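**Q** Below are the structure tokens for one structure; questions will follow.
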Amino acid sequence: MLGPYRVLDLTDERGWFAGMLLAQLGADVVLVEPPGGWSRDGSAGYRHRAYNRGKRSTIADPDAVAALAVDADVLLDNGGYDAAIAGRSADHEVGGADGAAPPPLDLAALRAANPGLITVRSTPWGETGPKAHWQATDLTLFAASGQLAVTGDSDRPPVRISVPQAWLHGESQAAVAALVAIEHRAGTGRGQHADLSVQQAVCETALSAILHAPAGLPDAGRGAGGVRAGDLTLRTIYPCLDGHVVVTVAFGPMIGPMFQRFLVWMADEGALDRALAETDWVDFGLRLQSGEERVETIEHVMDRIGAFTATKTKTEIQERGLRDALLVCPVNDLGDVLASPQLDDRDFWDDHGPHRLPGRFVRACGSPLGPLAPAPEPGADDGDLAPSSERPTVTVDAEPGDAPSPEPGRQPLAGLKIADLSWVAAAPLATKILAHWGATVVRVESQTRPCLLRGALGHRDDISDQENGIAWHSTNANKMTIALDLSTTEARGVVRDLAAWADVVTESFTPGTMARWGLGYDDLRAINPELIMLSSCVMGQTGPFERFAGFGNMAASVAGFFDITGWPDRGPAGPYLAYTDYCSPRFTAAAILAALDHRRRTGVGQYLDFSQMEAAVHLLAPALLELQETGDRRTRRGNDDDAMVPHGVYPAAGHDNWIAIAVTGDEAWRSLATEMRRLDLADLGIDERRARQRELDDLVAAWTAGQEGAGLGHRLQAHGIAAHPVQNSSACIDDPQLLHRGHFQWLPHGRARRAVVDGVPYTLSEADNGFRWAGPTYGEHTSEVLEGLLGYDADRIAELAIAGALE
């Protein structure tokens, strides 16, 4: 899709993922290595082989970089190249002990020499702000971003995912930032600079929890293996004969019947009283709130579920789930992921000798993504980097720094039209990104089948009005909405007209549903031959698990994330809620933007088959490679780290207050030992610290326990130690760095007057950065859509109303 574009990747191992995504979409990505090349030892070696596939390599000094940039379209940077040239490691840190960063590449000068150049700089906290030069690691970035506070057991410290994730979240957004800027350049002729904060990208993985405080809700708590609802934890992870399984315990008009079908299965096998199985589980939650039902009832049912699943294998649970559309799935370990029959059937893997690595993250019918070549040797392509003859010609209308152009020039995606028939979070969060940058997004919804974001994940002041849904307000910011009953022929006619109007249609129904309605890709492209259509679901549109019923929490489980999150002496905890719902939108947005660019150059639309699981597996690629090479399978290990000791989450003064501390090397340890007044330990090397790890953890915990977390974080940062208090929603909303970045935005709302949403994690130098309104009320824009966008007259609208098509 991106064949004409050249990308210079100057990132170190933390940032290689962005370039790989662009390479997988077809771009010519050149890994620019400093003299001596990047390390390929240890964990860096696994990351290199996983995330530098499909790239070429050149060794370049700064002068050579400048020469290469003259013919480039995109330059990716995260400070790693700067640090390497300065003779320092940037594997885990940004600044030195004095907080000073090495002199960065002069990206402005590179853009001046090539006004069409797009530069994307990813840093832990963003390029400016009070924490811009703070130390950062995977652990401390998660601590600063809301996710860590709500992950793990309530009686233990917060716990991270045991395979590092923070920079992968940032770099997947960096790829999207580059593609948005390419789209903008197509209209303006100018390149620009993207300033990306990894902290903000990680904040997105705690979407609903991070919005609690400004909505008048208490901070979300930790409930390993389940969902906290007040004092009740609805358990979702249960033991089975060969591991663990997920059984979704929840109520309401959509999930309640699926939960009941599971309980009827139990009753059929004598594992549950028949009367309990036949209870009204749709309204059980409401009756529980009113006092008509007792907590003891659901706790008894969950105990019986645990006893029942303990008699079954993961395969038995999965097969019954597929047969009866139950919200169940296995908790896959990394070995299970490699052996997945679904991934095999969809020909997902790229084969590299005896090993397999995650392959194309979207199935594209018009420009299929091919397998990626193995990662290059250092300098393998020196002297072979002539500009592509297919590189698009960029006409520069104005120099960078000129006065901002009027609308729509400041909106990179102005004029892009999207009909969004998806729901809940994964695909809608992708269209949220596109709406942020100016696309007109029409969200089709239904009051008879309301989106779960209206009914779950938190409401303002804890009032369960569906116009109060805080996740809805954020996920659907800047979108227009129309409420249609798609069971009617007339409503489906409106969708066809939207498809004729749109550039892109997105949907996330069960595979085959749109085609049965006469709204499949073949039907819609007959109306609009240049249409791009994306279907998003957990497993994809084909394969033995295509009928898999589930949400992002279950996608995270089958993709391997539950098994690698938690404590080694306890069952899987899993990351907070629907982890892949927050990972996959970046992949979805990248696929849509690449398909749009391909259409602009070729006139060809296409169909995109997107699987949340397939995208998420990319985030575990180094661990999958390690398993195949060594037989060592990564699993949950608390907060332990391969390279850093001590490395953990320690108590701070007050109730459930914590601070994350990551000792990145011997100098950082000497500083910490000095602060703790334990000079007798200051000279311990990494091997000695690892041998005494639990003793040192106890010493650090005893020292931190009486200290206020925020103040201690500043103190340790001042001494060159990567540390950050574990921030829940209340702390994130007051975080000076997030405030500086404008991460939280208060926007107009038809019912709430003003509602808070979280923004995208990067700014663009030549574009407007911000939303204009929060997720709309039911059918708020019906007249604007039908009259203004589709040109319906009053008689046509009246006919739709009489037919019951409009809700």
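So you can find residues: chains in the structure tokens are A, B, ... in the order shown, residues in each start at 1, and ligands are numbered from 1 in order.
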Please provide as number ranges by chain all residues within 8 Å of Gly550 of chain A, with the sequence filter that same-chain residues fewer than 2 positions apart are discarded (counting only C-alpha atoms).

**A** A: 327-328, 538, 548, 552-555

**Q** Do a neighbour search on segment 359-374 of chain A at 8 Å with only C-alpha atoms, toss out local chain neighbours closer than 5 positions, and write the hits as a ChimeraX atom specification.

**A** /A:1,23-26,49,52-55,348-350,352,587,591,604-611,614-615,618

**Q** Considering only C-alpha atoms, state which residue in the set A:Arg222, A:Trp703, A:Asp734, A:Ala275 is at the smallest distance from Gly152 of chain A.

**A**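 Looking at the shortest contact to Gly152 of chain A, the residue is A:Arg222.
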
**Q** For Gly36 of chain A, find every residue with an atom within 12 Å (counting only C-alpha atoms), except residues of its own chain fewer than 4 positions away, and show them as a PDB file with C-alpha atoms, in the first residue's frame.

**A**
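Output file out-v4.pdb follows:
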ATOM      1  CA  VAL A  32      19.697   3.956  10.179  1.00  0.00           C
ATOM      2  CA  ARG A  40      21.802  -7.399  18.694  1.00  0.00           C
ATOM      3  CA  THR A  58      22.694   1.486   6.679  1.00  0.00           C
ATOM      4  CA  ILE A  59      25.417   2.729   9.007  1.00  0.00           C
ATOM      5  CA  ALA A  60      25.345   6.525   9.008  1.00  0.00           C
ATOM      6  CA  ASP A  61      26.962   9.411  10.861  1.00  0.00           C
ATOM      7  CA  TYR A  81      20.473   7.640  17.681  1.00  0.00           C
ATOM      8  CA  ALA A  84      24.464   6.454  20.597  1.00  0.00           C
ATOM      9  CA  ILE A  85      26.371   9.230  18.812  1.00  0.00           C
ATOM     10  CA  GLY A  87      28.353   7.505  23.496  1.00  0.00           C
ATOM     11  CA  GLU A 377      22.635  -7.203   9.210  1.00  0.00           C
ATOM     12  CA  PRO A 378      24.281  -3.871  10.178  1.00  0.00           C
ATOM     13  CA  GLY A 379      24.983  -1.789   7.078  1.00  0.00           C
TER      14      GLY A 379
END

**Q** Which residues of segment 539-611 of chain A come within 12 Å of segment 236-260 of chain A, and for each one, what is the closest pair of atoms and their distance in Å to one decimal, counting only C-alpha atoms, sorted by chain and residue number, as a tab-separated table?

**A**
residue	atom	partner	partner_atom	distance
A:Ala549	CA	A:Met258	CA	9.5
A:Gly550	CA	A:Thr248	CA	8.9
A:Phe551	CA	A:Thr248	CA	9.7
A:Gly552	CA	A:Thr248	CA	11.7
A:Asn553	CA	A:Val246	CA	9.0
A:Met554	CA	A:Val246	CA	7.2
A:Ala555	CA	A:Val246	CA	10.6
A:Ala556	CA	A:Val246	CA	10.6
A:Ser557	CA	A:Val246	CA	7.7
A:Val558	CA	A:Val246	CA	9.5
A:Gly560	CA	A:His244	CA	11.8
A:Phe562	CA	A:Ile237	CA	9.2
A:Asp563	CA	A:His244	CA	8.8
A:Arg570	CA	A:Pro239	CA	11.1
A:Gly571	CA	A:His244	CA	7.9
A:Pro572	CA	A:Ile237	CA	7.5
A:Ala573	CA	A:Ile237	CA	8.0
A:Gly574	CA	A:Ile237	CA	8.8
A:Leu577	CA	A:Thr236	CA	10.4

**Q** Please save C-alpha atoms of the selected residues as a PDB file, in the first residue's frame.

**A**
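result-v1.pdb, written as the output of this step:
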ATOM      1  CA  ALA A 549     -18.225 -14.430  20.555  1.00  0.00           C
ATOM      2  CA  GLY A 550     -16.300 -12.061  22.751  1.00  0.00           C
ATOM      3  CA  PHE A 551     -14.871  -8.714  23.660  1.00  0.00           C
ATOM      4  CA  GLY A 552     -11.405  -7.259  24.031  1.00  0.00           C
ATOM      5  CA  ASN A 553     -10.765  -8.950  27.377  1.00  0.00           C
ATOM      6  CA  MET A 554     -11.230 -12.309  25.672  1.00  0.00           C
ATOM      7  CA  ALA A 555      -9.076 -11.270  22.719  1.00  0.00           C
ATOM      8  CA  ALA A 556      -6.359 -10.398  25.244  1.00  0.00           C
ATOM      9  CA  SER A 557      -6.732 -13.821  26.815  1.00  0.00           C
ATOM     10  CA  VAL A 558      -6.466 -15.815  23.588  1.00  0.00           C
ATOM     11  CA  GLY A 560      -1.544 -14.519  25.541  1.00  0.00           C
ATOM     12  CA  PHE A 562      -3.624 -12.866  30.661  1.00  0.00           C
ATOM     13  CA  ASP A 563      -1.060 -15.602  31.262  1.00  0.00           C
ATOM     14  CA  ARG A 570      -1.241 -17.104  41.803  1.00  0.00           C
ATOM     15  CA  GLY A 571      -3.490 -17.526  38.803  1.00  0.00           C
ATOM     16  CA  PRO A 572      -3.503 -15.120  35.865  1.00  0.00           C
ATOM     17  CA  ALA A 573      -4.554 -11.577  36.690  1.00  0.00           C
ATOM     18  CA  GLY A 574      -4.817 -10.181  33.179  1.00  0.00           C
ATOM     19  CA  LEU A 577     -10.404  -4.902  31.198  1.00  0.00           C
TER      20      LEU A 577
END

**Q** In Å, with one decimal, what is the gap from atom CA of Pro164 of chain A to atom CA of Val649 of chain A?

**A**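 Calculated distance between atom CA of Pro164 of chain A and atom CA of Val649 of chain A is 15.3 Å.
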
**Q** Which parts of segment 451-602 of chain A does DSSP call alpha helix (DSSP H) when run on the backbone here, written out as an MDAnalysis selection string?

**A** chainID A and resid 452:455 470:475 489:501 513:516 521:527 552:558 579:602

**Q** For atom CA of Ala44 of chain A and atom CA of Tyr579 of chain A, quote the distance in Å rounded to one decimal.

**A**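 Between these atoms lies a distance of 25.0 Å.
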
**Q** Tell me which protein, DNA and RNA residues are within 10 Å of Arg751 of chain A, counting only C-alpha atoms, leaving out same-chain ones fewer than 4 positions away, and put them as a PyMOL selection string.

**A** chain A and resi 467-468+755+776-777

**Q** To one decimal place in Å, what is the distance between atom CA of Phe262 of chain A and atom CA of Gly226 of chain A?

**A** 17.3 Å

**Q** Please, which residues of segment 559-688 of chain A, numbered as in this document, come out strand (DSSP E or B) from DSSP, as a ChimeraX atom specification?

**A** /A:565-566,572,606-611,647-651,658-662

**Q** Once you have the residues from the selection above, write them out as a compact mmCIF listing (two decimals), in the first residue's frame, restricted to N, CA and C atoms.

**A**
# COMPACT_ATOMS: atom_id res chain seq x y z
N THR A 565 0.43 -11.81 32.95
CA THR A 565 0.16 -10.70 33.85
C THR A 565 -0.30 -11.26 35.19
N GLY A 566 0.47 -10.99 36.23
CA GLY A 566 0.11 -11.48 37.55
C GLY A 566 1.33 -11.95 38.32
N PRO A 572 -3.64 -16.31 36.71
CA PRO A 572 -3.50 -15.12 35.86
C PRO A 572 -4.36 -13.97 36.38
N GLN A 606 -10.83 -1.11 -1.45
CA GLN A 606 -10.58 -2.49 -1.07
C GLN A 606 -11.27 -2.84 0.24
N TYR A 607 -11.24 -4.13 0.53
CA TYR A 607 -11.84 -4.67 1.76
C TYR A 607 -10.73 -5.05 2.72
N LEU A 608 -10.88 -4.67 3.99
CA LEU A 608 -9.89 -4.92 5.03
C LEU A 608 -10.52 -5.81 6.10
N ASP A 609 -9.96 -6.98 6.29
CA ASP A 609 -10.41 -7.95 7.28
C ASP A 609 -9.45 -7.86 8.46
N PHE A 610 -9.94 -7.30 9.58
CA PHE A 610 -9.06 -7.00 10.71
C PHE A 610 -9.42 -7.87 11.91
N SER A 611 -8.42 -8.51 12.48
CA SER A 611 -8.57 -9.35 13.67
C SER A 611 -7.82 -8.72 14.83
N HIS A 647 13.55 -3.71 41.00
CA HIS A 647 12.58 -3.30 39.98
C HIS A 647 11.22 -3.73 40.50
N GLY A 648 10.45 -2.76 40.98
CA GLY A 648 9.19 -3.16 41.57
C GLY A 648 8.30 -1.99 41.90
N VAL A 649 7.17 -2.32 42.49
CA VAL A 649 6.19 -1.35 42.96
C VAL A 649 6.14 -1.46 44.46
N TYR A 650 6.44 -0.37 45.14
CA TYR A 650 6.65 -0.38 46.59
C TYR A 650 5.64 0.53 47.28
N PRO A 651 5.31 0.22 48.53
CA PRO A 651 4.29 1.02 49.23
C PRO A 651 4.77 2.43 49.50
N TRP A 658 1.33 3.77 46.05
CA TRP A 658 2.48 2.98 45.62
C TRP A 658 3.42 3.84 44.78
N ILE A 659 4.67 3.40 44.71
CA ILE A 659 5.64 4.05 43.82
C ILE A 659 6.41 2.98 43.07
N ALA A 660 6.56 3.18 41.77
CA ALA A 660 7.32 2.27 40.92
C ALA A 660 8.77 2.75 40.87
N ILE A 661 9.71 1.85 41.10
CA ILE A 661 11.13 2.19 41.07
C ILE A 661 11.84 1.15 40.20
N ALA A 662 12.63 1.63 39.25
CA ALA A 662 13.37 0.74 38.35
C ALA A 662 14.83 1.17 38.35

**Q** Determine the nearest neighbour of Val176 of chain A from the options A:Met302, A:Leu22, A:Ala439, A:Ala149, counting only C-alpha atoms.

**A**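 Closest to Val176 of chain A, using only C-alpha atoms: A:Leu22.
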
**Q** If we count only C-alpha atoms, what is near Met644 of chain A at a cut-off of 9 Å, once residues fewer than 3 positions away on the same chain are taken out, given as a PDB file with N, CA and C atoms, in the first residue's frame?

**A**
ATOM      1  N   ASP A 640       9.134  -8.414  38.359  1.00  0.00           N
ATOM      2  CA  ASP A 640      10.549  -8.694  38.123  1.00  0.00           C
ATOM      3  C   ASP A 640      10.934  -8.357  36.688  1.00  0.00           C
ATOM      4  N   ASP A 641      12.230  -8.062  36.501  1.00  0.00           N
ATOM      5  CA  ASP A 641      12.746  -7.687  35.187  1.00  0.00           C
ATOM      6  C   ASP A 641      14.045  -8.430  34.927  1.00  0.00           C
ATOM      7  N   HIS A 647      13.548  -3.714  40.995  1.00  0.00           N
ATOM      8  CA  HIS A 647      12.584  -3.305  39.978  1.00  0.00           C
ATOM      9  C   HIS A 647      11.218  -3.733  40.495  1.00  0.00           C
ATOM     10  N   ALA A 662      12.628   1.626  39.252  1.00  0.00           N
ATOM     11  CA  ALA A 662      13.369   0.744  38.351  1.00  0.00           C
ATOM     12  C   ALA A 662      14.832   1.170  38.354  1.00  0.00           C
ATOM     13  N   VAL A 663      15.690   0.334  38.889  1.00  0.00           N
ATOM     14  CA  VAL A 663      17.119   0.636  38.951  1.00  0.00           C
ATOM     15  C   VAL A 663      17.753   0.180  37.643  1.00  0.00           C
ATOM     16  N   THR A 664      18.122   1.146  36.808  1.00  0.00           N
ATOM     17  CA  THR A 664      18.548   0.838  35.443  1.00  0.00           C
ATOM     18  C   THR A 664      20.012   0.447  35.318  1.00  0.00           C
ATOM     19  N   GLY A 665      20.802   0.568  36.376  1.00  0.00           N
ATOM     20  CA  GLY A 665      22.212   0.208  36.300  1.00  0.00           C
ATOM     21  C   GLY A 665      22.902   0.438  37.623  1.00  0.00           C
ATOM     22  N   ILE A 686      25.125  -6.027  39.513  1.00  0.00           N
ATOM     23  CA  ILE A 686      23.837  -6.575  39.117  1.00  0.00           C
ATOM     24  C   ILE A 686      23.698  -8.029  39.538  1.00  0.00           C
ATOM     25  N   ARG A 690      20.842  -9.335  42.019  1.00  0.00           N
ATOM     26  CA  ARG A 690      19.877 -10.352  41.617  1.00  0.00           C
ATOM     27  C   ARG A 690      19.852 -11.493  42.636  1.00  0.00           C
TER      28      ARG A 690
END

**Q** Which neighbours of Leu716 of chain A fall inside 9 Å, counting only C-alpha atoms, when residues of the same chain fewer than 6 positions from it are skipped, and could you give them as number ranges by chain?

**A** A: 661, 671-672, 675, 722-724

**Q** Calculated over only C-alpha atoms, which of the candidates A:Ala705, A:Ala499, A:Glu766, A:Lys312 has the smallest distance to Ala526 of chain A?

**A**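 The answer is A:Ala499, which sits nearest to Ala526 of chain A.
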
**Q** Identify which of the residues A:Thr580, A:Leu738, A:Pro511, A:Leu141 lies closest to Val617 of chain A, counting only C-alpha atoms when measuring atom-to-atom distances.

**A** A:Thr580

**Q** Which one is closest to Ile433 of chain A: A:Asp283, A:Glu780, A:Glu316, A:Asp758? Count only C-alpha atoms.

**A**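 Closest residue, counting only C-alpha atoms: A:Asp758.
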
**Q** Contacts of Val163 of chain A at 8 Å or less, counting only C-alpha atoms, minus same-chain residues fewer than 6 places along, as a list in words?

**A** Ile564, Leu620, Ala623 and Arg634 of chain A

**Q** Go ahead and save the residues from that selection, with all heavy atoms, as a JSON list (two decimals), in the first residue's frame.

**A**
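Writing the result to out_26.json gives the following:
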[["chain", "number", "residue", "atom", "x", "y", "z"],
["A", 564, "ILE", "N", 0.56, -13.77, 31.06],
["A", 564, "ILE", "CA", 1.82, -13.10, 31.39],
["A", 564, "ILE", "C", 1.60, -11.90, 32.31],
["A", 564, "ILE", "O", 2.50, -11.07, 32.47],
["A", 564, "ILE", "CB", 2.56, -12.64, 30.11],
["A", 564, "ILE", "CG1", 1.71, -11.68, 29.29],
["A", 564, "ILE", "CG2", 2.99, -13.84, 29.29],
["A", 564, "ILE", "CD1", 2.45, -11.04, 28.13],
["A", 620, "LEU", "N", 3.78, -9.24, 21.29],
["A", 620, "LEU", "CA", 4.49, -10.30, 22.03],
["A", 620, "LEU", "C", 5.52, -11.00, 21.16],
["A", 620, "LEU", "O", 6.06, -12.04, 21.54],
["A", 620, "LEU", "CB", 3.47, -11.32, 22.56],
["A", 620, "LEU", "CG", 2.42, -10.76, 23.51],
["A", 620, "LEU", "CD1", 1.41, -11.84, 23.89],
["A", 620, "LEU", "CD2", 3.07, -10.19, 24.76],
["A", 623, "ALA", "N", 8.96, -12.27, 22.63],
["A", 623, "ALA", "CA", 8.80, -13.38, 23.57],
["A", 623, "ALA", "C", 8.46, -14.67, 22.81],
["A", 623, "ALA", "O", 8.90, -15.76, 23.21],
["A", 623, "ALA", "CB", 7.72, -13.06, 24.58],
["A", 634, "ARG", "N", 7.85, -17.22, 28.47],
["A", 634, "ARG", "CA", 7.52, -16.12, 29.37],
["A", 634, "ARG", "C", 6.13, -16.33, 29.97],
["A", 634, "ARG", "O", 5.19, -16.70, 29.26],
["A", 634, "ARG", "CB", 7.53, -14.80, 28.61],
["A", 634, "ARG", "CG", 8.88, -14.41, 28.06],
["A", 634, "ARG", "CD", 9.71, -13.73, 29.12],
["A", 634, "ARG", "NE", 11.09, -13.57, 28.69],
["A", 634, "ARG", "CZ", 12.00, -12.87, 29.36],
["A", 634, "ARG", "NH1", 11.66, -12.25, 30.49],
["A", 634, "ARG", "NH2", 13.23, -12.79, 28.93]]

**Q** Rank A:Thr311, A:Arg694, A:Leu286, A:Val301 by their smallest atom-to-atom distance to Asp273 of chain A, using only C-alpha atoms, and report the top residue only.

**A** A:Val301
